[in-house]
Amino acid sequence: MKYKSCLVIAAAIAAAQCAQGAVSERKLFASPNGSVAANVGPDATGALSWRVTLDGKSMMEESRLGINVDGIELGGNVRIGKAKSRRIREKYEFNGNHRTAVNNCIEYTVPVISRTDGAEQMKLAVRVFDDGAAVRYILPGAGARRIDSEATEWTAPKGSKVWYQPNTYCYEDEFDSKAADNLDTGRVVALPITVKIPGVGYALYTEANLVNYTDLAVKCGSDGKFRAAFASNEDKNGFEQSGDCVTPWRVVIAARDLNAFFNSDVVKNLCPPAPREAEGIAKPGRAVWHWLPDGSPKFAEQRTWIDRTSALGYEYYLVDDGWSGWNEGGRSALDCLREVVGYAKSKGVSIFVWKHSAEIFDRGRRREFFALMKSLGVVGVKPDFPSDTGIKWVNWYEDTLRDAAEFGLMVNFHGAIKPTGRERTWPNEIAREAIRGHEWHITRYNRVLPACHDCILPFNRLIQGHADYTPIVLNERELVGYTRVHELAQGVVFSAPFFCTGDYPQNYLDSPAVDFIKALPAVYDETRVLEPTEIGEVVAIAKRAGDLWFIGAENGEKERAFDLKLDFLGNGGWKVISYSDSEKGPTEMTRDERTVTSADVLRVKCAARGGFAAMVLPED
């Protein structure tokens, strides 16, 4: 008994010494200005892990890293070798909430070495930005292999509050709001995860640069843990892959305030720039769309829709599902579509066309369809209803964008998985759904969005990438709780390079806010998140396009009043044309004009589910 006890004690001492050695081997990888750091290396058990800090404070607690390939765990009992580093500094133009994206980071490439046999298992790439950090696995070898699972985790600091939605198929669901230590253990939810860390800032846990890999979800665990999960029906137990394996980036965005959080470029910075064949195709613009107010397109009404699109000065009209059934005068659907496209061109309007993804999954059929659309004069396509989120469909997105670029077509994916920054690589992807947008606030399906929904999306889904929300529905029947001013504010908050509005265009032309609606741009040069923004409660955002500013404030479930500082304005006088909620009810709005300077504030009063909208012009 004494002999066995000595063995146990000796083993415990050896294990403790090994664990202490593992911990001492950790490396701190810092961002260019040193504010963000990724602490990477073996944890107390010898398993690879990471931790991310901002100003020395935790944005993500120590969390496991690792990947299981062909039944072998990589990262389970390891040490790390000497890192190689390189500096990345670039700026590039981008269609979104600000014109110029800044990519400023340091990349570290770290060998991950087995403690068992001393062999290098893989390399871990680490990029650290001044507003975040990311890692990815680089696996040696070629040929076929099976990716079984990942051990990758994100762990929210204690005391944090998190927001996420559970739809891992098309990302169209309501959000859950949870304390980090009270997660639904075992539940699989979608990335991104938004984290508010009291006294520290805001974090986003997500992935970037999804290529040749299955779309990633996470499983909720105890103590604020989110562990990587393959949610695809086809890939949930793993998937086959050939050739080099470089995984998508596993990302932590870290920001002190909501303005920096909303304006982060990290997700798209982790993607490569566009190839030459994809440049110059994207033409951002505003669109009218018949499906939300009117269902399938009626051929006899298309000229009216196009006339009113032209009257608004909008660039695009989207012909959605149902056009393939046109047979006006016994003509084919294509002949009818050709007439619509031609008439639109005569009115200065360009056409996007809907197509079911199953009909263009096959490359030959897809290219045939794209060639046909190009010959008709169509400028963009809207593929809808991809049937899975696995590697086969992930590669379909990539192949579709490549083929569309070859034919000079823009793309707006619907029923889709989340964007992961690849719109930088393929800028002809001009919008993507993957959001519970306005079609979930509609009477014909008895759908009503919760009051908090619009105040969460900007700090979750919109940080992930562009989103086709289809905002601004002024039809009284469709307000279902919102005010018309709330709807106007959506036009600022939910802008997109393909800015597709959701109501009859005549409702816009008849609105007292018609000048505001006509002036709304699709992309902006600058964006500011304003006080009193609070996730889930109220959002107030100002965006600049040229010398015009647009302000949109959306309120949640409680009536509130607040001041909006105008210190983002330049020198001199400015004219503010504003729209406020009216005490007469949700269909009414109060229009006001005043002259201000950057030293002034706007006193705003919002109804429950109300809003505020304004256009700010420099005085002549």
# chains A, B, ... in the order shown; residues from 1 in each chain; ligands from 1

$ residues_around --residues "Arg250 of chain A" --least-positions-apart "3" --cutoff "6 Å" --atoms "only C-alpha atoms" --output "list in words"
Ala134, Val135 and Glu207 of chain A

$ residues_around --residues "segment 521-530 of chain A" --least-positions-apart "4" --cutoff "8 Å" --atoms "only C-alpha atoms" --output "list in words"
Asn95, Gly96, Asn97, His98, Arg99, Thr100, Leu258, Asn259, Phe262, Asn263, Pro284, Gly285, Arg286, Ser495, Ala496, Pro497, Phe498, Phe499, Val539, Ala540, Ile541, Ala542, Lys543, Arg544, Ala545, Gly546, Leu564, Lys565 and Phe568 of chain A

$ residues_around --residues "Leu569 of chain A" --least-positions-apart "2" --cutoff "8 Å" --atoms "only C-alpha atoms" --output "count of residues only"
5

$ residues_around --residues "Asp131 of chain A" --least-positions-apart "5" --cutoff "6 Å" --atoms "only C-alpha atoms" --output "PyMOL selection string"
chain A and resi 253-255

$ select_by_dssp --residues "segment 352-505 of chain A" --states "helix (DSSP H, G or I)" --output "PyMOL selection string"
chain A and resi 357-360+363-376+391-406+438-440+443-445+453-459+461-464+476-478+484-493+505

$ write_last_selection --atoms "C-alpha atoms" --output "CSV table (one decimal), in the first residue's frame"
chain,number,residue,atom,x,y,z
A,357,SER,CA,-30.6,27.4,-56.1
A,358,ALA,CA,-31.4,23.8,-56.9
A,359,GLU,CA,-31.8,24.8,-60.5
A,360,ILE,CA,-28.3,26.2,-60.7
A,363,ARG,CA,-22.3,24.1,-62.9
A,364,GLY,CA,-23.3,23.6,-66.5
A,365,ARG,CA,-26.9,24.6,-65.8
A,366,ARG,CA,-25.7,27.6,-63.7
A,367,ARG,CA,-23.5,28.9,-66.4
A,368,GLU,CA,-26.2,28.4,-69.1
A,369,PHE,CA,-28.6,30.4,-66.9
A,370,PHE,CA,-26.1,33.2,-66.3
A,371,ALA,CA,-25.3,33.4,-70.0
A,372,LEU,CA,-29.0,33.7,-70.8
A,373,MET,CA,-29.5,36.4,-68.1
A,374,LYS,CA,-26.6,38.4,-69.4
A,375,SER,CA,-27.9,38.1,-73.0
A,376,LEU,CA,-31.3,39.5,-71.8
A,391,ILE,CA,-18.9,21.9,-47.5
A,392,LYS,CA,-20.7,21.0,-50.7
A,393,TRP,CA,-23.0,24.0,-50.5
A,394,VAL,CA,-20.2,26.3,-49.1
A,395,ASN,CA,-18.3,25.5,-52.2
A,396,TRP,CA,-21.4,26.2,-54.3
A,397,TYR,CA,-21.5,29.8,-53.0
A,398,GLU,CA,-17.9,30.3,-54.0
A,399,ASP,CA,-18.4,28.7,-57.5
A,400,THR,CA,-21.6,30.7,-58.1
A,401,LEU,CA,-19.8,34.0,-57.3
A,402,ARG,CA,-16.8,33.0,-59.6
A,403,ASP,CA,-19.1,32.1,-62.4
A,404,ALA,CA,-21.3,35.2,-61.9
A,405,ALA,CA,-18.1,37.4,-62.0
A,406,GLU,CA,-17.2,35.8,-65.4
A,438,HIS,CA,-38.9,42.4,-42.6
A,439,GLU,CA,-40.5,39.3,-44.2
A,440,TRP,CA,-40.8,38.2,-40.5
A,443,THR,CA,-49.5,40.2,-41.7
A,444,ARG,CA,-50.2,37.5,-44.3
A,445,TYR,CA,-48.1,35.0,-42.4
A,453,HIS,CA,-35.0,42.6,-32.5
A,454,ASP,CA,-34.0,45.7,-34.6
A,455,CYS,CA,-31.9,46.9,-31.7
A,456,ILE,CA,-29.8,43.7,-31.5
A,457,LEU,CA,-29.2,43.0,-35.2
A,458,PRO,CA,-26.8,46.0,-35.7
A,459,PHE,CA,-24.4,44.6,-33.1
A,461,ARG,CA,-25.5,40.1,-37.8
A,462,LEU,CA,-24.5,43.5,-39.3
A,463,ILE,CA,-21.0,43.3,-37.9
A,464,GLN,CA,-20.7,39.9,-39.6
A,476,GLU,CA,-50.5,50.9,-42.3
A,477,ARG,CA,-51.7,47.3,-42.3
A,478,GLU,CA,-48.0,46.0,-42.1
A,484,ARG,CA,-43.8,54.7,-39.6
A,485,VAL,CA,-40.8,56.6,-38.3
A,486,HIS,CA,-39.3,53.4,-37.0
A,487,GLU,CA,-39.6,52.2,-40.6
A,488,LEU,CA,-37.9,55.2,-41.9
A,489,ALA,CA,-35.0,54.7,-39.4
A,490,GLN,CA,-34.6,51.2,-40.7
A,491,GLY,CA,-33.6,52.7,-44.0
A,492,VAL,CA,-30.5,54.1,-42.3
A,493,VAL,CA,-29.7,51.3,-39.9
A,505,PRO,CA,-43.2,52.3,-54.2

$ select_by_dssp --residues "segment 84-241 of chain A" --states "strand (DSSP E or B)" --output "tab-separated table (two decimals) with N, CA and C atoms, in the first residue's frame"
chain	number	residue	atom	x	y	z
A	84	LYS	N	6.95	32.59	-36.41
A	84	LYS	CA	7.38	33.55	-37.42
A	84	LYS	C	6.30	34.62	-37.54
A	85	SER	N	6.71	35.84	-37.76
A	85	SER	CA	5.72	36.92	-37.81
A	85	SER	C	5.88	37.75	-39.08
A	86	ARG	N	4.78	38.37	-39.47
A	86	ARG	CA	4.82	39.34	-40.56
A	86	ARG	C	3.78	40.41	-40.28
A	87	ARG	N	4.07	41.61	-40.72
A	87	ARG	CA	3.16	42.74	-40.52
A	87	ARG	C	2.30	42.91	-41.77
A	88	ILE	N	1.01	43.14	-41.57
A	88	ILE	CA	0.08	43.42	-42.66
A	88	ILE	C	-0.46	44.82	-42.46
A	89	ARG	N	-0.25	45.68	-43.45
A	89	ARG	CA	-0.76	47.05	-43.39
A	89	ARG	C	-1.31	47.41	-44.77
A	90	GLU	N	-2.61	47.63	-44.84
A	90	GLU	CA	-3.22	47.97	-46.11
A	90	GLU	C	-4.54	48.69	-45.87
A	91	LYS	N	-4.94	49.44	-46.89
A	91	LYS	CA	-6.27	50.04	-46.93
A	91	LYS	C	-6.90	49.66	-48.26
A	92	TYR	N	-8.19	49.49	-48.26
A	92	TYR	CA	-8.87	49.14	-49.50
A	92	TYR	C	-10.29	49.72	-49.47
A	93	GLU	N	-10.81	49.97	-50.66
A	93	GLU	CA	-12.16	50.50	-50.79
A	93	GLU	C	-13.17	49.37	-50.62
A	100	THR	N	-13.55	53.29	-46.65
A	100	THR	CA	-12.19	52.76	-46.62
A	100	THR	C	-12.03	51.80	-45.45
A	101	ALA	N	-11.67	50.56	-45.75
A	101	ALA	CA	-11.37	49.58	-44.71
A	101	ALA	C	-9.88	49.60	-44.42
A	102	VAL	N	-9.54	49.41	-43.15
A	102	VAL	CA	-8.14	49.41	-42.72
A	102	VAL	C	-7.79	48.03	-42.18
A	103	ASN	N	-6.78	47.43	-42.77
A	103	ASN	CA	-6.30	46.12	-42.34
A	103	ASN	C	-4.91	46.31	-41.76
A	104	ASN	N	-4.82	46.32	-40.44
A	104	ASN	CA	-3.57	46.59	-39.74
A	104	ASN	C	-3.42	45.53	-38.66
A	105	CYS	N	-2.54	44.58	-38.89
A	105	CYS	CA	-2.40	43.47	-37.94
A	105	CYS	C	-1.00	42.88	-38.03
A	106	ILE	N	-0.72	42.00	-37.11
A	106	ILE	CA	0.49	41.18	-37.16
A	106	ILE	C	0.06	39.73	-37.20
A	107	GLU	N	0.61	38.98	-38.16
A	107	GLU	CA	0.32	37.56	-38.26
A	107	GLU	C	1.50	36.76	-37.71
A	108	TYR	N	1.18	35.81	-36.87
A	108	TYR	CA	2.19	34.91	-36.29
A	108	TYR	C	1.86	33.49	-36.75
A	109	THR	N	2.85	32.77	-37.22
A	109	THR	CA	2.67	31.37	-37.61
A	109	THR	C	3.45	30.50	-36.64
A	110	VAL	N	2.71	29.62	-35.95
A	110	VAL	CA	3.27	28.90	-34.81
A	110	VAL	C	3.23	27.39	-35.06
A	111	PRO	N	4.36	26.69	-35.03
A	111	PRO	CA	4.32	25.23	-35.09
A	111	PRO	C	3.69	24.64	-33.83
A	112	VAL	N	2.83	23.66	-34.02
A	112	VAL	CA	2.21	22.94	-32.90
A	112	VAL	C	2.82	21.54	-32.90
A	113	ILE	N	3.53	21.20	-31.81
A	113	ILE	CA	4.38	20.01	-31.79
A	113	ILE	C	3.89	19.03	-30.74
A	114	SER	N	3.80	17.77	-31.12
A	114	SER	CA	3.36	16.72	-30.20
A	114	SER	C	4.38	16.50	-29.10
A	120	GLU	N	5.81	17.65	-35.66
A	120	GLU	CA	4.92	18.79	-35.86
A	120	GLU	C	3.56	18.30	-36.35
A	121	GLN	N	2.50	18.61	-35.59
A	121	GLN	CA	1.16	18.18	-35.95
A	121	GLN	C	0.52	19.09	-37.00
A	122	MET	N	0.74	20.36	-36.84
A	122	MET	CA	0.12	21.36	-37.70
A	122	MET	C	0.75	22.70	-37.39
A	123	LYS	N	0.33	23.72	-38.10
A	123	LYS	CA	0.69	25.08	-37.76
A	123	LYS	C	-0.58	25.83	-37.36
A	124	LEU	N	-0.41	26.74	-36.42
A	124	LEU	CA	-1.50	27.61	-36.01
A	124	LEU	C	-1.16	29.02	-36.47
A	125	ALA	N	-2.01	29.59	-37.33
A	125	ALA	CA	-1.85	30.98	-37.73
A	125	ALA	C	-2.63	31.86	-36.76
A	126	VAL	N	-2.01	32.92	-36.30
A	126	VAL	CA	-2.62	33.85	-35.36
A	126	VAL	C	-2.49	35.25	-35.93
A	127	ARG	N	-3.60	35.94	-36.09
A	127	ARG	CA	-3.55	37.35	-36.49
A	127	ARG	C	-4.14	38.19	-35.37
A	128	VAL	N	-3.42	39.24	-35.03
A	128	VAL	CA	-3.86	40.11	-33.94
A	128	VAL	C	-3.98	41.54	-34.46
A	129	PHE	N	-5.20	42.07	-34.36
A	129	PHE	CA	-5.53	43.42	-34.78
A	129	PHE	C	-5.67	44.29	-33.54
A	132	GLY	N	-9.11	43.07	-32.36
A	132	GLY	CA	-9.51	41.67	-32.37
A	132	GLY	C	-8.36	40.72	-32.63
A	133	ALA	N	-8.69	39.44	-32.62
A	133	ALA	CA	-7.70	38.40	-32.87
A	133	ALA	C	-8.38	37.22	-33.53
A	134	ALA	N	-7.61	36.43	-34.26
A	134	ALA	CA	-8.16	35.27	-34.96
A	134	ALA	C	-7.10	34.20	-35.09
A	135	VAL	N	-7.56	32.95	-35.14
A	135	VAL	CA	-6.66	31.81	-35.33
A	135	VAL	C	-7.24	30.89	-36.40
A	136	ARG	N	-6.36	30.14	-37.06
A	136	ARG	CA	-6.81	29.08	-37.95
A	136	ARG	C	-5.75	28.00	-37.99
A	137	TYR	N	-6.19	26.79	-38.37
A	137	TYR	CA	-5.32	25.63	-38.41
A	137	TYR	C	-4.83	25.40	-39.84
A	138	ILE	N	-3.54	25.12	-39.96
A	138	ILE	CA	-2.94	24.80	-41.25
A	138	ILE	C	-2.37	23.39	-41.15
A	139	LEU	N	-3.00	22.46	-41.88
A	139	LEU	CA	-2.65	21.05	-41.75
A	139	LEU	C	-1.72	20.63	-42.87
A	144	ALA	N	-6.68	12.89	-49.72
A	144	ALA	CA	-7.97	12.92	-49.03
A	144	ALA	C	-7.78	12.80	-47.53
A	145	ARG	N	-8.64	13.43	-46.79
A	145	ARG	CA	-8.65	13.31	-45.33
A	145	ARG	C	-10.07	13.57	-44.84
A	146	ARG	N	-10.33	13.21	-43.60
A	146	ARG	CA	-11.64	13.45	-43.02
A	146	ARG	C	-11.51	14.39	-41.83
A	147	ILE	N	-12.22	15.49	-41.87
A	147	ILE	CA	-12.28	16.41	-40.74
A	147	ILE	C	-13.41	15.93	-39.85
A	148	ASP	N	-13.07	15.37	-38.71
A	148	ASP	CA	-14.07	14.77	-37.82
A	148	ASP	C	-14.80	15.80	-36.97
A	149	SER	N	-14.05	16.73	-36.38
A	149	SER	CA	-14.63	17.72	-35.47
A	149	SER	C	-13.56	18.72	-35.10
A	150	GLU	N	-13.97	19.74	-34.37
A	150	GLU	CA	-13.02	20.70	-33.81
A	150	GLU	C	-13.20	20.78	-32.30
A	153	GLU	N	-12.94	26.48	-28.95
A	153	GLU	CA	-13.92	27.06	-28.02
A	153	GLU	C	-13.76	28.57	-27.95
A	154	TRP	N	-14.85	29.22	-27.57
A	154	TRP	CA	-14.85	30.61	-27.14
A	154	TRP	C	-15.50	30.61	-25.75
A	155	THR	N	-14.88	31.27	-24.78
A	155	THR	CA	-15.42	31.30	-23.42
A	155	THR	C	-15.64	32.75	-22.99
A	161	LYS	N	-22.93	39.37	-20.64
A	161	LYS	CA	-24.23	39.11	-21.23
A	161	LYS	C	-24.01	38.77	-22.69
A	162	VAL	N	-24.72	37.75	-23.19
A	162	VAL	CA	-24.50	37.32	-24.56
A	162	VAL	C	-25.83	37.32	-25.33
A	163	TRP	N	-25.72	37.51	-26.66
A	163	TRP	CA	-26.85	37.46	-27.57
A	163	TRP	C	-26.51	36.52	-28.71
A	164	TYR	N	-27.46	35.66	-29.07
A	164	TYR	CA	-27.28	34.77	-30.21
A	164	TYR	C	-28.65	34.31	-30.69
A	176	ASP	N	-31.81	35.17	-28.48
A	176	ASP	CA	-31.83	34.91	-27.05
A	176	ASP	C	-30.84	35.85	-26.38
A	177	SER	N	-31.18	36.32	-25.21
A	177	SER	CA	-30.29	37.15	-24.40
A	177	SER	C	-30.05	36.40	-23.10
A	178	LYS	N	-28.79	36.10	-22.81
A	178	LYS	CA	-28.47	35.25	-21.66
A	178	LYS	C	-27.30	35.81	-20.87
A	179	ALA	N	-27.28	35.50	-19.58
A	179	ALA	CA	-26.06	35.67	-18.80
A	179	ALA	C	-25.09	34.57	-19.21
A	188	VAL	N	-27.26	23.81	-29.59
A	188	VAL	CA	-26.44	24.27	-30.71
A	188	VAL	C	-27.05	25.56	-31.25
A	189	VAL	N	-26.24	26.60	-31.35
A	189	VAL	CA	-26.69	27.90	-31.82
A	189	VAL	C	-25.73	28.41	-32.90
A	190	ALA	N	-26.15	29.47	-33.55
A	190	ALA	CA	-25.38	29.99	-34.68
A	190	ALA	C	-24.38	31.05	-34.23
A	193	ILE	N	-21.72	35.29	-31.96
A	193	ILE	CA	-22.16	35.50	-30.58
A	193	ILE	C	-21.72	36.91	-30.17
A	194	THR	N	-22.65	37.72	-29.71
A	194	THR	CA	-22.32	39.05	-29.20
A	194	THR	C	-22.17	38.98	-27.69
A	195	VAL	N	-21.12	39.61	-27.17
A	195	VAL	CA	-20.81	39.56	-25.74
A	195	VAL	C	-20.59	40.97	-25.21
A	196	LYS	N	-21.34	41.32	-24.18
A	196	LYS	CA	-21.10	42.58	-23.47
A	196	LYS	C	-20.40	42.26	-22.15
A	197	ILE	N	-19.22	42.83	-21.96
A	197	ILE	CA	-18.42	42.56	-20.77
A	197	ILE	C	-18.40	43.84	-19.94
A	201	GLY	N	-15.96	46.17	-22.37
A	201	GLY	CA	-16.32	46.46	-23.75
A	201	GLY	C	-17.20	45.39	-24.36
A	202	TYR	N	-17.02	45.18	-25.66
A	202	TYR	CA	-17.88	44.29	-26.42
A	202	TYR	C	-17.03	43.35	-27.26
A	203	ALA	N	-17.47	42.10	-27.35
A	203	ALA	CA	-16.77	41.10	-28.16
A	203	ALA	C	-17.75	40.42	-29.10
A	204	LEU	N	-17.24	39.97	-30.22
A	204	LEU	CA	-18.00	39.14	-31.15
A	204	LEU	C	-17.20	37.88	-31.40
A	205	TYR	N	-17.82	36.71	-31.17
A	205	TYR	CA	-17.19	35.43	-31.44
A	205	TYR	C	-17.77	34.90	-32.75
A	206	THR	N	-16.91	34.61	-33.72
A	206	THR	CA	-17.44	34.22	-35.02
A	206	THR	C	-16.36	33.54	-35.85
A	207	GLU	N	-16.65	33.35	-37.13
A	207	GLU	CA	-15.67	32.82	-38.07
A	207	GLU	C	-15.59	33.74	-39.28
A	208	ALA	N	-14.47	33.63	-40.01
A	208	ALA	CA	-14.25	34.43	-41.21
A	208	ALA	C	-13.57	33.57	-42.27
A	216	LEU	N	-19.75	26.81	-39.64
A	216	LEU	CA	-19.56	26.50	-38.22
A	216	LEU	C	-20.67	27.06	-37.36
A	217	ALA	N	-21.14	26.22	-36.43
A	217	ALA	CA	-22.03	26.62	-35.35
A	217	ALA	C	-21.29	26.37	-34.04
A	218	VAL	N	-21.96	26.57	-32.91
A	218	VAL	CA	-21.35	26.30	-31.61
A	218	VAL	C	-22.37	25.64	-30.69
A	219	LYS	N	-21.85	24.84	-29.77
A	219	LYS	CA	-22.70	24.21	-28.76
A	219	LYS	C	-22.45	24.90	-27.42
A	220	CYS	N	-23.53	25.32	-26.77
A	220	CYS	CA	-23.42	26.01	-25.49
A	220	CYS	C	-22.99	25.04	-24.40
A	225	LYS	N	-19.08	28.76	-22.04
A	225	LYS	CA	-18.33	28.17	-23.15
A	225	LYS	C	-19.21	27.94	-24.37
A	226	PHE	N	-18.63	28.22	-25.54
A	226	PHE	CA	-19.23	27.89	-26.82
A	226	PHE	C	-18.22	27.05	-27.59
A	227	ARG	N	-18.59	25.79	-27.87
A	227	ARG	CA	-17.64	24.89	-28.54
A	227	ARG	C	-18.08	24.63	-29.98
A	228	ALA	N	-17.10	24.63	-30.87
A	228	ALA	CA	-17.36	24.45	-32.30
A	228	ALA	C	-18.20	23.20	-32.55
A	229	ALA	N	-19.18	23.35	-33.46
A	229	ALA	CA	-20.05	22.23	-33.82
A	229	ALA	C	-20.35	22.32	-35.31
A	230	PHE	N	-20.42	21.17	-35.96
A	230	PHE	CA	-20.82	21.10	-37.36
A	230	PHE	C	-22.32	20.83	-37.38
A	239	PHE	N	-16.65	15.56	-42.40
A	239	PHE	CA	-16.74	15.68	-43.85
A	239	PHE	C	-15.38	15.37	-44.48
A	240	GLU	N	-15.42	14.96	-45.73
A	240	GLU	CA	-14.22	14.65	-46.48
A	240	GLU	C	-13.66	15.91	-47.13
A	241	GLN	N	-12.34	15.96	-47.22
A	241	GLN	CA	-11.68	17.09	-47.84
A	241	GLN	C	-10.43	16.59	-48.56

$ closest_residue --among "A:Arg308, A:Lys575, A:Arg187, A:Arg331" --to "Ala344 of chain A" --atoms "only C-alpha atoms"
A:Arg308

$ residues_around --residues "Leu270 of chain A" --least-positions-apart "2" --cutoff "7 Å" --atoms "only C-alpha atoms" --output "number ranges by chain"
A: 208-209, 266-268, 272
